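Next up, work-v3.cif (mmCIF, C-alpha atoms):
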```
data_entry
loop_
_atom_site.label_atom_id
_atom_site.label_comp_id
_atom_site.auth_asym_id
_atom_site.auth_seq_id
_atom_site.Cartn_x
_atom_site.Cartn_y
_atom_site.Cartn_z
CA MET N 1 9.16 77.00 16.65
CA PRO N 2 10.64 79.49 19.14
CA PRO N 3 9.50 83.10 19.37
CA THR N 4 11.64 85.87 17.87
CA LEU N 5 12.59 89.24 19.32
CA GLY N 6 10.96 92.27 17.74
CA THR N 7 9.69 95.77 18.53
CA ASN N 8 6.15 97.08 18.86
CA VAL N 9 4.77 100.43 17.69
CA LEU N 10 6.14 102.09 20.83
CA GLY N 11 9.65 100.84 20.13
CA ARG N 12 9.65 98.37 23.00
CA LYS N 13 11.25 94.97 22.52
CA VAL N 14 8.71 92.13 22.61
CA LEU N 15 8.66 88.45 21.69
CA TYR N 16 6.67 87.43 18.63
CA LEU N 17 5.53 83.94 17.73
CA PRO N 18 5.95 82.76 14.12
CA SER N 19 3.33 84.09 11.72
CA PHE N 20 1.15 82.15 9.31
CA PHE N 21 3.64 82.66 6.47
CA THR N 22 6.57 81.46 8.62
CA TYR N 23 4.73 78.27 9.50
CA ALA N 24 3.58 77.75 5.91
CA LYS N 25 7.15 78.17 4.61
CA TYR N 26 8.44 75.67 7.15
CA ILE N 27 5.76 73.11 6.27
CA VAL N 28 6.61 73.44 2.58
CA GLN N 29 10.30 72.91 3.37
CA VAL N 30 9.53 69.71 5.28
CA ASP N 31 6.59 68.17 3.40
CA GLY N 32 6.42 70.14 0.20
CA LYS N 33 3.36 72.09 -0.90
CA ILE N 34 1.19 69.02 -0.37
CA GLY N 35 1.84 69.42 3.35
CA LEU N 36 -0.30 72.56 3.38
CA PHE N 37 -3.31 70.42 2.50
CA ARG N 38 -3.19 67.87 5.30
CA GLY N 39 -6.69 66.91 6.38
CA LEU N 40 -8.29 68.50 3.33
CA SER N 41 -10.38 65.47 2.30
CA PRO N 42 -12.21 64.98 5.62
CA ARG N 43 -12.63 68.76 5.92
CA LEU N 44 -14.31 68.96 2.51
CA MET N 45 -16.48 65.97 3.39
CA SER N 46 -17.39 67.63 6.69
CA ASN N 47 -18.42 70.86 4.96
CA ALA N 48 -20.38 68.96 2.31
CA LEU N 49 -22.20 66.89 4.93
CA SER N 50 -23.05 70.03 6.89
CA THR N 51 -24.45 71.73 3.77
CA VAL N 52 -26.50 68.68 2.77
CA THR N 53 -27.85 68.35 6.32
CA ARG N 54 -28.97 71.97 6.44
CA GLY N 55 -30.62 71.69 3.03
CA SER N 56 -32.44 68.50 4.02
CA MET N 57 -33.66 70.04 7.27
CA LYS N 58 -35.04 73.05 5.41
CA LYS N 59 -37.10 70.69 3.26
CA VAL N 60 -38.35 68.64 6.20
CA PHE N 61 -38.87 71.64 8.50
CA PRO N 62 -39.44 74.60 6.17
CA PRO N 63 -39.00 77.96 7.92
CA ASP N 64 -41.95 80.27 8.31
CA GLU N 65 -42.02 83.43 6.25
CA ILE N 66 -40.37 86.11 8.38
CA GLU N 67 -41.10 89.67 7.37
CA GLN N 68 -38.55 92.33 8.21
CA VAL N 69 -39.96 94.74 10.76
CA SER N 70 -37.89 97.86 11.25
CA ASN N 71 -40.25 100.40 12.77
CA LYS N 72 -39.40 101.17 16.38
CA ASP N 73 -43.09 100.95 17.30
CA ASP N 74 -43.04 97.31 16.22
CA MET N 75 -39.98 96.48 18.26
CA LYS N 76 -41.68 93.83 20.39
CA THR N 77 -43.11 92.04 17.36
CA SER N 78 -39.83 92.31 15.50
CA LEU N 79 -37.84 90.87 18.41
CA LYS N 80 -40.14 87.84 18.56
CA LYS N 81 -39.49 87.17 14.88
CA VAL N 82 -35.74 87.49 15.35
CA VAL N 83 -35.86 85.05 18.26
CA LYS N 84 -37.92 82.63 16.16
CA GLU N 85 -35.56 82.91 13.21
CA THR N 86 -32.46 82.51 15.38
CA SER N 87 -33.93 79.47 17.13
CA TYR N 88 -34.51 77.87 13.74
CA GLU N 89 -30.95 78.65 12.61
CA MET N 90 -29.59 77.30 15.90
CA MET N 91 -31.43 74.01 15.46
CA MET N 92 -30.04 73.54 11.95
CA GLN N 93 -26.52 74.52 12.96
CA CYS N 94 -26.43 72.21 15.99
CA VAL N 95 -27.70 69.19 14.05
CA SER N 96 -25.31 69.78 11.13
CA ARG N 97 -22.42 70.34 13.55
CA MET N 98 -23.09 67.08 15.39
CA LEU N 99 -23.28 65.04 12.19
CA ALA N 100 -20.17 66.59 10.63
CA HIS N 101 -18.02 66.74 13.78
CA PRO N 102 -16.51 63.22 13.44
CA LEU N 103 -15.02 64.24 10.09
CA HIS N 104 -13.75 67.45 11.67
CA VAL N 105 -11.97 65.41 14.36
CA ILE N 106 -10.30 63.27 11.69
CA SER N 107 -9.26 66.38 9.77
CA MET N 108 -7.67 67.96 12.86
CA ARG N 109 -5.74 64.80 13.70
CA CYS N 110 -4.45 64.49 10.15
CA MET N 111 -3.12 68.05 10.44
CA VAL N 112 -1.32 67.71 13.78
CA GLN N 113 0.48 64.54 12.69
CA PHE N 114 2.98 66.94 11.17
CA VAL N 115 4.37 67.70 14.64
CA GLY N 116 5.42 64.13 15.43
CA ARG N 117 5.93 63.03 11.81
CA GLU N 118 3.31 60.32 12.33
CA ALA N 119 1.06 58.55 9.83
CA LYS N 120 -1.57 57.13 12.15
CA TYR N 121 -4.46 58.83 10.37
CA SER N 122 -4.39 58.66 6.59
CA GLY N 123 -7.64 57.77 4.84
CA VAL N 124 -11.07 58.65 6.16
CA LEU N 125 -12.28 55.06 6.45
CA SER N 126 -9.13 53.81 8.16
CA SER N 127 -9.26 56.78 10.55
CA ILE N 128 -12.85 55.97 11.44
CA GLY N 129 -11.81 52.41 12.26
CA LYS N 130 -8.87 53.52 14.43
CA ILE N 131 -10.92 56.01 16.43
CA PHE N 132 -13.76 53.56 17.02
CA LYS N 133 -11.34 50.80 18.09
CA GLU N 134 -9.30 52.97 20.47
CA GLU N 135 -11.85 55.44 21.84
CA GLY N 136 -15.25 54.03 21.01
CA LEU N 137 -18.17 56.06 19.70
CA LEU N 138 -17.42 59.01 22.00
CA GLY N 139 -14.06 59.43 20.31
CA PHE N 140 -15.80 60.92 17.30
CA PHE N 141 -17.35 63.69 19.41
CA VAL N 142 -14.45 64.97 21.51
CA GLY N 143 -14.48 68.76 21.45
CA LEU N 144 -18.08 68.90 20.27
CA VAL N 145 -19.49 70.77 23.29
CA PRO N 146 -17.32 73.91 22.99
CA HIS N 147 -17.99 74.00 19.24
CA LEU N 148 -21.74 73.85 19.85
CA LEU N 149 -21.55 76.52 22.54
CA GLY N 150 -19.53 78.73 20.22
CA ASP N 151 -22.09 78.30 17.44
CA VAL N 152 -25.00 79.12 19.77
CA VAL N 153 -23.30 82.20 21.25
CA PHE N 154 -22.33 83.38 17.76
CA LEU N 155 -25.83 83.04 16.30
CA TRP N 156 -27.64 84.72 19.18
CA GLY N 157 -25.02 87.41 19.65
CA CYS N 158 -24.82 88.27 15.96
CA ASN N 159 -28.57 88.26 15.28
CA LEU N 160 -29.62 90.15 18.42
CA LEU N 161 -26.92 92.81 18.09
CA ALA N 162 -27.74 93.33 14.42
CA HIS N 163 -31.44 93.54 15.26
CA PHE N 164 -31.07 96.16 17.99
CA ILE N 165 -28.70 98.24 15.87
CA ASN N 166 -31.06 98.14 12.89
CA ALA N 167 -34.09 98.92 15.04
CA TYR N 168 -32.67 101.75 17.14
CA LEU N 169 -29.79 103.27 15.15
CA VAL N 170 -30.92 102.99 11.52
CA ASP N 171 -33.44 105.64 10.55
CA ASP N 172 -36.03 104.53 7.98
CA SER N 173 -36.91 108.13 7.14
CA VAL N 174 -33.53 108.71 5.49
CA SER N 175 -33.88 109.00 1.74
CA ASP N 176 -31.16 108.63 -0.85
CA THR N 177 -32.48 111.63 -2.79
CA PRO N 178 -30.87 115.01 -2.04
CA GLY N 179 -33.15 117.33 -0.14
CA GLY N 180 -35.29 114.50 1.14
CA LEU N 181 -37.47 114.46 -2.03
CA GLY N 182 -37.15 110.76 -2.50
CA ASN N 183 -40.43 110.07 -0.68
CA ASP N 184 -42.42 112.04 -3.27
CA GLN N 185 -40.44 111.52 -6.46
CA ASN N 186 -39.54 107.88 -6.00
CA PRO N 187 -41.36 106.00 -3.21
CA GLY N 188 -39.36 102.87 -3.93
CA SER N 189 -36.14 104.60 -2.88
CA GLN N 190 -37.45 105.67 0.52
CA PHE N 191 -35.73 102.92 2.45
CA SER N 192 -32.83 102.26 0.06
CA GLN N 193 -30.19 103.75 2.34
CA ALA N 194 -31.63 102.07 5.44
CA LEU N 195 -31.75 98.71 3.67
CA ALA N 196 -28.17 99.18 2.46
CA VAL N 197 -27.00 99.82 6.00
CA ARG N 198 -28.97 96.84 7.34
CA SER N 199 -27.45 94.56 4.72
CA TYR N 200 -24.00 95.20 6.20
CA THR N 201 -24.92 95.29 9.87
CA LYS N 202 -25.21 91.53 10.30
CA PHE N 203 -21.97 90.99 8.38
CA VAL N 204 -20.04 93.42 10.60
CA MET N 205 -21.60 91.98 13.75
CA GLY N 206 -20.61 88.51 12.56
CA ILE N 207 -16.96 89.54 12.39
CA ALA N 208 -17.08 91.14 15.83
CA VAL N 209 -18.87 88.25 17.54
CA SER N 210 -16.66 85.65 15.85
CA MET N 211 -13.65 87.26 17.54
CA LEU N 212 -15.34 86.87 20.93
CA THR N 213 -16.31 83.24 20.31
CA TYR N 214 -12.86 82.25 19.00
CA PRO N 215 -11.84 80.60 22.33
CA PHE N 216 -14.66 78.05 21.89
CA LEU N 217 -13.23 77.09 18.49
CA LEU N 218 -9.70 76.86 19.89
CA VAL N 219 -10.68 74.72 22.88
CA GLY N 220 -12.79 72.42 20.70
CA ASP N 221 -9.93 71.84 18.27
CA LEU N 222 -7.42 71.23 21.06
CA MET N 223 -9.72 68.68 22.67
CA ALA N 224 -10.13 66.91 19.31
CA VAL N 225 -6.42 66.04 19.29
CA ASN N 226 -5.72 65.86 23.02
CA ASN N 227 -4.49 62.51 24.34
CA CYS N 228 -5.32 60.70 21.10
CA GLY N 229 -1.95 59.00 20.76
CA LEU N 230 -0.32 61.75 18.68
CA GLN N 231 2.67 63.67 20.01
CA ALA N 232 0.94 67.02 19.44
CA GLY N 233 -1.74 66.06 21.94
CA LEU N 234 0.63 64.82 24.64
CA PRO N 235 3.31 66.38 26.89
CA PRO N 236 5.51 68.29 26.34
CA TYR N 237 3.52 69.76 23.46
CA SER N 238 0.24 69.78 25.37
CA PRO N 239 -1.01 68.78 28.82
CA VAL N 240 -3.56 66.00 29.03
CA PHE N 241 -6.86 67.72 29.76
CA LYS N 242 -9.60 66.06 31.78
CA SER N 243 -12.35 68.04 30.06
CA TRP N 244 -12.85 71.02 27.81
CA ILE N 245 -13.41 73.18 30.91
CA HIS N 246 -9.99 72.11 32.20
CA CYS N 247 -8.52 73.06 28.83
CA TRP N 248 -10.28 76.44 28.91
CA LYS N 249 -9.00 77.24 32.42
CA TYR N 250 -5.46 76.24 31.50
CA LEU N 251 -5.42 78.45 28.40
CA SER N 252 -6.94 81.30 30.40
CA VAL N 253 -4.18 81.12 33.01
CA GLN N 254 -1.56 80.97 30.25
CA GLY N 255 -3.16 83.94 28.46
CA GLN N 256 -3.63 81.84 25.33
CA LEU N 257 -7.39 81.79 24.81
CA PHE N 258 -6.93 83.78 21.61
CA ARG N 259 -3.75 82.12 20.36
CA GLY N 260 -3.78 81.57 16.63
CA SER N 261 -6.49 84.20 16.07
CA SER N 262 -3.99 86.51 14.37
CA LEU N 263 -2.20 85.46 11.20
CA LEU N 264 0.65 87.95 11.40
CA PHE N 265 1.52 89.76 14.64
CA ARG N 266 1.36 87.15 17.38
CA ARG N 267 2.81 88.49 20.60
CA VAL N 268 3.86 86.11 23.37
CA SER N 269 1.58 86.59 26.35
CA SER N 270 2.94 86.59 29.88
CA GLY N 271 3.11 83.09 31.32
CA SER N 272 2.89 81.43 27.91
CA CYS N 273 4.28 77.95 27.48
CA PHE N 274 6.17 77.86 24.20
CA ALA N 275 5.82 74.09 23.91
CA LEU N 276 2.08 74.53 23.37
CA GLU N 277 2.73 76.53 20.24
#
```

For this file, write the structure as structure tokens.
Amino acid sequence: MPPTLGTNVLGRKVLYLPSFFTYAKYIVQVDGKIGLFRGLSPRLMSNALSTVTRGSMKKVFPPDEIEQVSNKDDMKTSLKKVVKETSYEMMMQCVSRMLAHPLHVISMRCMVQFVGREAKYSGVLSSIGKIFKEEGLLGFFVGLVPHLLGDVVFLWGCNLLAHFINAYLVDDSVSDTPGGLGNDQNPGSQFSQALAVRSYTKFVMGIAVSMLTYPFLLVGDLMAVNNCGLQAGLPPYSPVFKSWIHCWKYLSVQGQLFRGSSLLFRRVSSGSCFALE
């Protein structure tokens, strides 16, 4: 769909790509409401498999008890525990990602069939047979590397940033009792405010880091559908990429590494190729 002319907050005329609601309305017009749920079955199966895998790994490799250390004097000890906890989370995430990725590939291909009005991928079992016949075993893992890298960068970035903020910027001596009497009147409330702040730190850091790791998700999804026989993964809609690094460099030059990250106001970057949208 072509971009439309609009104005920004400064009153300048700029080109905007269609928003989420514009695309959703168009899909409903073409395929009906059911069209909004393309690829839902393999996506649900992928999420379920990932959850089951993580739960099974926790039983086989139970995590050690990790006590929260917040005192600045215990910074070295606390950092070691964060590294240990993050390493454990990374192991679980990487294994679950690898096992569930084939279903993610099928889900993505079911979605992009809308572009060429194709029906190559329908059921999960038939899709597995087609991919194995045409691309072999490696066909189930196209786009896996950038997804794994994104997961690793997200986990380490989120956990380490949250740790340093909690250790250096959150003061344990703050009490929720006016006048600082909480330490004497109610010892249990001494760290209530600090704990409340810490409970949100990791959540906020997760949002911030997820924005930075979005290009990994985008490149991984593009590689999952690239040159797979569907029109959406072939010229003129998309170049044929030799590797995910080639895809990354191409998007970087086009200024599209963050395309699709915004649901509403999607400005056209300089040098963008509209066919890719």

_Need to verify the contact set: Ala224 (chain N), 6 Å, only C-alpha atoms, exclusion of same-chain residues closer than 2 positions in sequence. Can you return it as a list in words?_
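Here the qualifying residues turn out to be Val105, Val142, Gly143, Asp221, Leu222 and Asn226 of chain N.
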
*Near Leu99 (chain N), counting only C-alpha atoms, which residues have an atom at most 10 Å away, once you skip same-chain residues fewer than 6 positions from it, shown as a list in words?*
Ser46, Leu49, Ser50, Thr53, Phe140 and Phe141 of chain N

_Test item: the PyMOL selection byres ((chain N and resi 217) around 10) resolved as a PyMOL selection string_ = chain N and resi 143-144+146-151+210+213-216+218-222+257-258

Residues of the last selection are to be written out with C-alpha atoms, as a PDB file, in the coordinates of the input.
```pdb
ATOM      1  CA  GLY N 143     -14.480  68.760  21.450  1.00  0.00           C
ATOM      2  CA  LEU N 144     -18.080  68.900  20.270  1.00  0.00           C
ATOM      3  CA  PRO N 146     -17.320  73.910  22.990  1.00  0.00           C
ATOM      4  CA  HIS N 147     -17.990  74.000  19.240  1.00  0.00           C
ATOM      5  CA  LEU N 148     -21.740  73.850  19.850  1.00  0.00           C
ATOM      6  CA  LEU N 149     -21.550  76.520  22.540  1.00  0.00           C
ATOM      7  CA  GLY N 150     -19.530  78.730  20.220  1.00  0.00           C
ATOM      8  CA  ASP N 151     -22.090  78.300  17.440  1.00  0.00           C
ATOM      9  CA  SER N 210     -16.660  85.650  15.850  1.00  0.00           C
ATOM     10  CA  THR N 213     -16.310  83.240  20.310  1.00  0.00           C
ATOM     11  CA  TYR N 214     -12.860  82.250  19.000  1.00  0.00           C
ATOM     12  CA  PRO N 215     -11.840  80.600  22.330  1.00  0.00           C
ATOM     13  CA  PHE N 216     -14.660  78.050  21.890  1.00  0.00           C
ATOM     14  CA  LEU N 218      -9.700  76.860  19.890  1.00  0.00           C
ATOM     15  CA  VAL N 219     -10.680  74.720  22.880  1.00  0.00           C
ATOM     16  CA  GLY N 220     -12.790  72.420  20.700  1.00  0.00           C
ATOM     17  CA  ASP N 221      -9.930  71.840  18.270  1.00  0.00           C
ATOM     18  CA  LEU N 222      -7.420  71.230  21.060  1.00  0.00           C
ATOM     19  CA  LEU N 257      -7.390  81.790  24.810  1.00  0.00           C
ATOM     20  CA  PHE N 258      -6.930  83.780  21.610  1.00  0.00           C
TER      21      PHE N 258
END
```

*In Å, how far is it from CA of Val268 (chain N) to CA of Tyr16 (chain N)?*
5.7 Å

*When distances are computed from only C-alpha atoms, which of N:Gly260, N:Gly123, N:Gly129, N:Gly255 shows the smallest separation from Gly39 (chain N)?*
N:Gly123

Quick one: 5 Å padding each side, axis-aligned, all listed atoms of region 139-148 of chain N - centre and edge lengths in Å to one decimal, as AutoDock Vina command-line options?
```
--center_x -17.9 --center_y 66.7 --center_z 20.3 --size_x 17.7 --size_y 24.6 --size_z 16.0
```

*Please, what distance in Å, to one decimal, runs between CA of Tyr200 (chain N) and CA of Asn159 (chain N)?*
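Rounded to one decimal, the two atoms are 12.3 Å apart.
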
*Using only C-alpha atoms, which of the listed residues (N:Val83, N:Leu137, N:Val197, N:Leu17) sits closest to Ser262 (chain N)?*
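Using only C-alpha atoms, Ser262 (chain N) sits closest to N:Leu17.
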
_Contact residues around Phe114 (chain N) with only C-alpha atoms at 9 Å, ignoring same-chain residues under 2 positions, as a list in words_ =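 Final neighbour list, sorted by chain and number: Ile27, Asp31, Gly35, Arg38, Cys110, Met111, Val112, Gly116, Arg117, Glu118, Ala119 and Ala232 of chain N.
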
_Which residues are close to Gly157 (chain N), i.e. within 9 Å by only C-alpha atoms, leaving aside same-chain residues fewer than 6 positions away? Reply as a ChimeraX atom specification._
/N:205-206,209

*Tell me which of N:Ser107, N:Gly229, N:Ser269, N:Val9 sits closest to Leu40 (chain N), counting only C-alpha atoms.*
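Residue with the minimum atom-to-atom distance to Leu40 (chain N): N:Ser107.
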
*How many Å lie between CA of Asn8 (chain N) and CA of Thr22 (chain N), rounded to one decimal?*
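Atom-to-atom, CA of Asn8 (chain N) to CA of Thr22 (chain N), that is 18.7 Å.
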
*Mind telling me what the PyMOL selection byres ((chain N and resi 88) around 12) catches here, as a PyMOL selection string?*
chain N and resi 54+57-58+61-66+81-87+89-95+152+155-156

*Selection: 10 Å around Lys242 (chain N), only C-alpha atoms, excl. self and same-chain fewer than 5 positions, as a count of residues only*: 4

_Option closest in space to Val204 (chain N), from N:Phe164, N:Ser243, N:Cys158, N:Arg266 [counting only C-alpha atoms]_ =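 Of all the options, N:Cys158 lies closest to Val204 (chain N).
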